[in-house]
Amino acid sequence: MPTDDLPEALHVSTDEQLRAVSNLTRHRIMAVLRFEPATITQIAERVGLAKGSSSYHVRLLERAGLVKVVRTRKVRGVTERYYAMAARSIVLPERGEGGPDVLMRHAVADLEAAPVDGERHVRMAHLRLTEEQFAELGARLQALADEYRELSDPSLPDASLVFALFHPAQREQAEGGAK
């Protein structure tokens with residue numbers, strides 16, 4: 001199924017959606033469906049779940065409006081459903097439970113689960129930027145991610161890109177106000 005007819009973004013806004021995306025297993029299922037539709041059996045194989053568990057998690061994602069059935073076909077008298085993402089990207093709320101902190105925890109879990117002998121590019125840099133430089137860097141990172149997302153080929157292996165550009169808490173705030 002081509003993703004041309006999908007909305008560009010789905011903004012997570014309900015408690016049901018927040019709970020759905022906050023679960024690591026469901027996050028991994030959405031990663032499977034990112035580029036092409038899949039059946040419950042295919043999802044179960046790719047994520048390493050039992051079909052029953054896979055079905056349960058997909059139903060929760062479907063109920064939250066994050067995935068949808070895009071095609072069905074009959075196989076030996078049984079209707080096989082193909083699921084896909086409901087939008088090209090999922091936009092998390094800025095603050096609170098289910099926000100970017102959940103995304104980063106999922107990204108770290110995925111990184112830890114990735115083969116250790118595979119190629120990785122992991123870097124953390126501490127910068128001192130003006131507000132204009134900060135905004136420009138954020139826009140450039142987003143544009144770069146969008147550019148490569150457009151180049152993505154579903155026949156190639158997955159690669160994940162996660163970035164976080166933020167102002168860390170001041171030392172006094174991080175230590176609870178103690179000096």
# chains A, B, ... in the order shown; residues from 1 in each chain; ligands from 1
>>> residues_around(residues="Tyr148 in chain A", least_positions_apart="5", cutoff="10 Å", atoms="only C-alpha atoms", output="VMD selection string")
chain A and resid 143 153 161
>>> residues_around(residues="Gly138 in chain A", least_positions_apart="2", cutoff="12 Å", atoms="only C-alpha atoms", output="ChimeraX atom specification")
/A:129,131-136,140-145,163-167
>>> write_last_selection(atoms="N, CA and C atoms", output="CSV table (one decimal), in the first residue's frame")
chain,number,residue,atom,x,y,z
A,129,LEU,N,24.6,27.6,22.6
A,129,LEU,CA,24.1,28.3,21.4
A,129,LEU,C,23.2,29.5,21.8
A,131,GLU,N,19.7,31.6,21.1
A,131,GLU,CA,18.4,31.1,20.8
A,131,GLU,C,18.2,30.9,19.3
A,132,GLU,N,18.7,31.8,18.5
A,132,GLU,CA,18.6,31.7,17.1
A,132,GLU,C,19.3,30.5,16.6
A,133,GLN,N,20.5,30.2,17.1
A,133,GLN,CA,21.3,29.0,16.7
A,133,GLN,C,20.6,27.8,17.1
A,134,PHE,N,20.0,27.8,18.3
A,134,PHE,CA,19.2,26.6,18.8
A,134,PHE,C,18.1,26.3,17.9
A,135,ALA,N,17.3,27.4,17.5
A,135,ALA,CA,16.1,27.2,16.6
A,135,ALA,C,16.6,26.7,15.3
A,136,GLU,N,17.7,27.3,14.7
A,136,GLU,CA,18.2,26.9,13.4
A,136,GLU,C,18.6,25.4,13.4
A,140,ARG,N,17.1,22.5,11.1
A,140,ARG,CA,18.0,21.7,10.2
A,140,ARG,C,17.9,20.2,10.5
A,141,LEU,N,17.9,19.8,11.8
A,141,LEU,CA,17.8,18.4,12.1
A,141,LEU,C,16.4,17.8,11.6
A,142,GLN,N,15.4,18.6,11.8
A,142,GLN,CA,14.1,18.1,11.4
A,142,GLN,C,14.0,18.0,9.8
A,143,ALA,N,14.6,19.0,9.1
A,143,ALA,CA,14.6,18.9,7.7
A,143,ALA,C,15.4,17.7,7.2
A,144,LEU,N,16.6,17.5,7.8
A,144,LEU,CA,17.4,16.3,7.4
A,144,LEU,C,16.7,15.0,7.7
A,145,ALA,N,16.0,14.9,8.8
A,145,ALA,CA,15.2,13.7,9.1
A,145,ALA,C,14.1,13.5,8.0
A,163,PHE,N,16.7,12.1,17.6
A,163,PHE,CA,17.5,13.2,18.1
A,163,PHE,C,16.7,14.0,19.1
A,164,ALA,N,17.4,14.6,20.0
A,164,ALA,CA,16.7,15.5,21.1
A,164,ALA,C,17.6,16.7,21.2
A,165,LEU,N,17.1,17.8,21.0
A,165,LEU,CA,17.8,19.1,21.2
A,165,LEU,C,17.0,19.8,22.2
A,166,PHE,N,17.6,20.1,23.4
A,166,PHE,CA,16.9,20.7,24.5
A,166,PHE,C,17.9,21.4,25.4
A,167,HIS,N,17.3,22.3,26.2
A,167,HIS,CA,18.1,23.0,27.2
A,167,HIS,C,18.0,22.1,28.5
>>> select_by_dssp(residues="range 127-158 of chain A", states="helix (DSSP H, G or I)", output="list in words")
Glu131, Glu132, Gln133, Phe134, Ala135, Glu136, Leu137, Gly138, Ala139, Arg140, Leu141, Gln142, Ala143, Leu144, Ala145, Asp146, Glu147, Tyr148, Arg149, Glu150 and Leu151 of chain A
>>> write_last_selection(atoms="N, CA, C and O atoms", output="PDB file, in the first residue's frame")
ATOM      1  N   GLU A 131      19.735  31.577  21.111  1.00  0.00           N
ATOM      2  CA  GLU A 131      18.388  31.081  20.827  1.00  0.00           C
ATOM      3  C   GLU A 131      18.179  30.915  19.331  1.00  0.00           C
ATOM      4  O   GLU A 131      17.521  29.973  18.887  1.00  0.00           O
ATOM      5  N   GLU A 132      18.744  31.818  18.543  1.00  0.00           N
ATOM      6  CA  GLU A 132      18.617  31.712  17.083  1.00  0.00           C
ATOM      7  C   GLU A 132      19.334  30.471  16.573  1.00  0.00           C
ATOM      8  O   GLU A 132      18.814  29.749  15.716  1.00  0.00           O
ATOM      9  N   GLN A 133      20.549  30.212  17.073  1.00  0.00           N
ATOM     10  CA  GLN A 133      21.294  29.022  16.655  1.00  0.00           C
ATOM     11  C   GLN A 133      20.551  27.751  17.081  1.00  0.00           C
ATOM     12  O   GLN A 133      20.499  26.772  16.335  1.00  0.00           O
ATOM     13  N   PHE A 134      19.995  27.780  18.285  1.00  0.00           N
ATOM     14  CA  PHE A 134      19.238  26.648  18.802  1.00  0.00           C
ATOM     15  C   PHE A 134      18.056  26.335  17.878  1.00  0.00           C
ATOM     16  O   PHE A 134      17.847  25.190  17.474  1.00  0.00           O
ATOM     17  N   ALA A 135      17.303  27.368  17.522  1.00  0.00           N
ATOM     18  CA  ALA A 135      16.140  27.196  16.642  1.00  0.00           C
ATOM     19  C   ALA A 135      16.576  26.722  15.253  1.00  0.00           C
ATOM     20  O   ALA A 135      15.947  25.844  14.655  1.00  0.00           O
ATOM     21  N   GLU A 136      17.658  27.290  14.734  1.00  0.00           N
ATOM     22  CA  GLU A 136      18.155  26.901  13.409  1.00  0.00           C
ATOM     23  C   GLU A 136      18.597  25.439  13.402  1.00  0.00           C
ATOM     24  O   GLU A 136      18.289  24.695  12.466  1.00  0.00           O
ATOM     25  N   LEU A 137      19.319  25.023  14.434  1.00  0.00           N
ATOM     26  CA  LEU A 137      19.775  23.635  14.499  1.00  0.00           C
ATOM     27  C   LEU A 137      18.580  22.682  14.572  1.00  0.00           C
ATOM     28  O   LEU A 137      18.547  21.661  13.892  1.00  0.00           O
ATOM     29  N   GLY A 138      17.573  23.023  15.374  1.00  0.00           N
ATOM     30  CA  GLY A 138      16.369  22.194  15.450  1.00  0.00           C
ATOM     31  C   GLY A 138      15.696  22.053  14.100  1.00  0.00           C
ATOM     32  O   GLY A 138      15.302  20.956  13.698  1.00  0.00           O
ATOM     33  N   ALA A 139      15.587  23.160  13.376  1.00  0.00           N
ATOM     34  CA  ALA A 139      14.959  23.130  12.050  1.00  0.00           C
ATOM     35  C   ALA A 139      15.790  22.315  11.068  1.00  0.00           C
ATOM     36  O   ALA A 139      15.241  21.557  10.252  1.00  0.00           O
ATOM     37  N   ARG A 140      17.102  22.453  11.119  1.00  0.00           N
ATOM     38  CA  ARG A 140      17.974  21.697  10.206  1.00  0.00           C
ATOM     39  C   ARG A 140      17.910  20.202  10.482  1.00  0.00           C
ATOM     40  O   ARG A 140      17.891  19.390   9.550  1.00  0.00           O
ATOM     41  N   LEU A 141      17.888  19.818  11.760  1.00  0.00           N
ATOM     42  CA  LEU A 141      17.778  18.400  12.109  1.00  0.00           C
ATOM     43  C   LEU A 141      16.449  17.825  11.614  1.00  0.00           C
ATOM     44  O   LEU A 141      16.410  16.729  11.056  1.00  0.00           O
ATOM     45  N   GLN A 142      15.378  18.577  11.811  1.00  0.00           N
ATOM     46  CA  GLN A 142      14.061  18.123  11.351  1.00  0.00           C
ATOM     47  C   GLN A 142      14.032  17.988   9.832  1.00  0.00           C
ATOM     48  O   GLN A 142      13.522  17.012   9.292  1.00  0.00           O
ATOM     49  N   ALA A 143      14.596  18.971   9.127  1.00  0.00           N
ATOM     50  CA  ALA A 143      14.627  18.929   7.664  1.00  0.00           C
ATOM     51  C   ALA A 143      15.444  17.734   7.171  1.00  0.00           C
ATOM     52  O   ALA A 143      15.061  17.062   6.208  1.00  0.00           O
ATOM     53  N   LEU A 144      16.562  17.459   7.826  1.00  0.00           N
ATOM     54  CA  LEU A 144      17.404  16.322   7.447  1.00  0.00           C
ATOM     55  C   LEU A 144      16.656  15.002   7.660  1.00  0.00           C
ATOM     56  O   LEU A 144      16.655  14.126   6.795  1.00  0.00           O
ATOM     57  N   ALA A 145      15.972  14.881   8.793  1.00  0.00           N
ATOM     58  CA  ALA A 145      15.185  13.675   9.066  1.00  0.00           C
ATOM     59  C   ALA A 145      14.078  13.518   8.024  1.00  0.00           C
ATOM     60  O   ALA A 145      13.849  12.422   7.502  1.00  0.00           O
ATOM     61  N   ASP A 146      13.395  14.617   7.692  1.00  0.00           N
ATOM     62  CA  ASP A 146      12.330  14.561   6.687  1.00  0.00           C
ATOM     63  C   ASP A 146      12.876  14.175   5.321  1.00  0.00           C
ATOM     64  O   ASP A 146      12.270  13.384   4.591  1.00  0.00           O
ATOM     65  N   GLU A 147      14.030  14.734   4.956  1.00  0.00           N
ATOM     66  CA  GLU A 147      14.650  14.425   3.662  1.00  0.00           C
ATOM     67  C   GLU A 147      14.938  12.932   3.543  1.00  0.00           C
ATOM     68  O   GLU A 147      14.617  12.298   2.534  1.00  0.00           O
ATOM     69  N   TYR A 148      15.520  12.344   4.582  1.00  0.00           N
ATOM     70  CA  TYR A 148      15.859  10.928   4.515  1.00  0.00           C
ATOM     71  C   TYR A 148      14.631  10.037   4.662  1.00  0.00           C
ATOM     72  O   TYR A 148      14.604   8.929   4.131  1.00  0.00           O
ATOM     73  N   ARG A 149      13.602  10.505   5.354  1.00  0.00           N
ATOM     74  CA  ARG A 149      12.361   9.733   5.420  1.00  0.00           C
ATOM     75  C   ARG A 149      11.758   9.618   4.025  1.00  0.00           C
ATOM     76  O   ARG A 149      11.252   8.571   3.633  1.00  0.00           O
ATOM     77  N   GLU A 150      11.829  10.683   3.242  1.00  0.00           N
ATOM     78  CA  GLU A 150      11.311  10.653   1.862  1.00  0.00           C
ATOM     79  C   GLU A 150      12.110   9.686   0.992  1.00  0.00           C
ATOM     80  O   GLU A 150      11.576   9.116   0.049  1.00  0.00           O
ATOM     81  N   LEU A 151      13.389   9.494   1.305  1.00  0.00           N
ATOM     82  CA  LEU A 151      14.247   8.582   0.532  1.00  0.00           C
ATOM     83  C   LEU A 151      14.095   7.124   0.962  1.00  0.00           C
ATOM     84  O   LEU A 151      14.629   6.232   0.306  1.00  0.00           O
TER      85      LEU A 151
END
>>> closest_atom_pairs(of="range 85-169 of chain A", to="range 44-56 of chain A", cutoff="12 Å", atoms="only C-alpha atoms", output="JSON lines")
{"residue": "A:Asp110", "atom": "CA", "partner": "A:Val47", "partner_atom": "CA", "distance": 11.5}
{"residue": "A:Ala113", "atom": "CA", "partner": "A:Val47", "partner_atom": "CA", "distance": 11.6}
{"residue": "A:Asp158", "atom": "CA", "partner": "A:Arg46", "partner_atom": "CA", "distance": 11.8}
>>> write_last_selection(atoms="N, CA, C and O atoms", output="CSV table (one decimal), in the first residue's frame")
chain,number,residue,atom,x,y,z
A,110,ASP,N,15.4,0.2,22.0
A,110,ASP,CA,15.7,-0.3,20.7
A,110,ASP,C,17.2,-0.4,20.4
A,110,ASP,O,17.7,-1.3,19.8
A,113,ALA,N,18.7,-3.2,22.2
A,113,ALA,CA,18.3,-4.5,21.6
A,113,ALA,C,18.9,-4.8,20.3
A,113,ALA,O,18.9,-5.9,19.8
A,158,ASP,N,15.6,-1.6,8.2
A,158,ASP,CA,15.2,-0.4,9.0
A,158,ASP,C,16.5,0.2,9.5
A,158,ASP,O,17.5,-0.4,9.9
>>> closest_residue(among="A:Thr14, A:Thr25, A:Thr39, A:Thr130", to="Val70 in chain A", atoms="only C-alpha atoms")
A:Thr39
>>> residues_around(residues="Glu8 in chain A", least_positions_apart="2", cutoff="7 Å", atoms="only C-alpha atoms", output="PyMOL selection string")
chain A and resi 6+87-89
>>> closest_residue(among="A:Arg34, A:Arg128, A:Arg19, A:His11", to="Ser160 in chain A", atoms="only C-alpha atoms")
A:Arg34
>>> residues_around(residues="range 58-61 of chain A", least_positions_apart="3", cutoff="9 Å", atoms="only C-alpha atoms", output="PyMOL selection string")
chain A and resi 16-17+20-21+26+29-30+40+53-55+64-68+83
>>> closest_residue(among="A:Leu33, A:Ala84, A:Val75, A:Ala169", to="Asp5 in chain A", atoms="only C-alpha atoms")
A:Ala84
>>> atom_distance(atom1="CA of Ala109 in chain A", atom2="CA of Leu127 in chain A")
25.3 Å
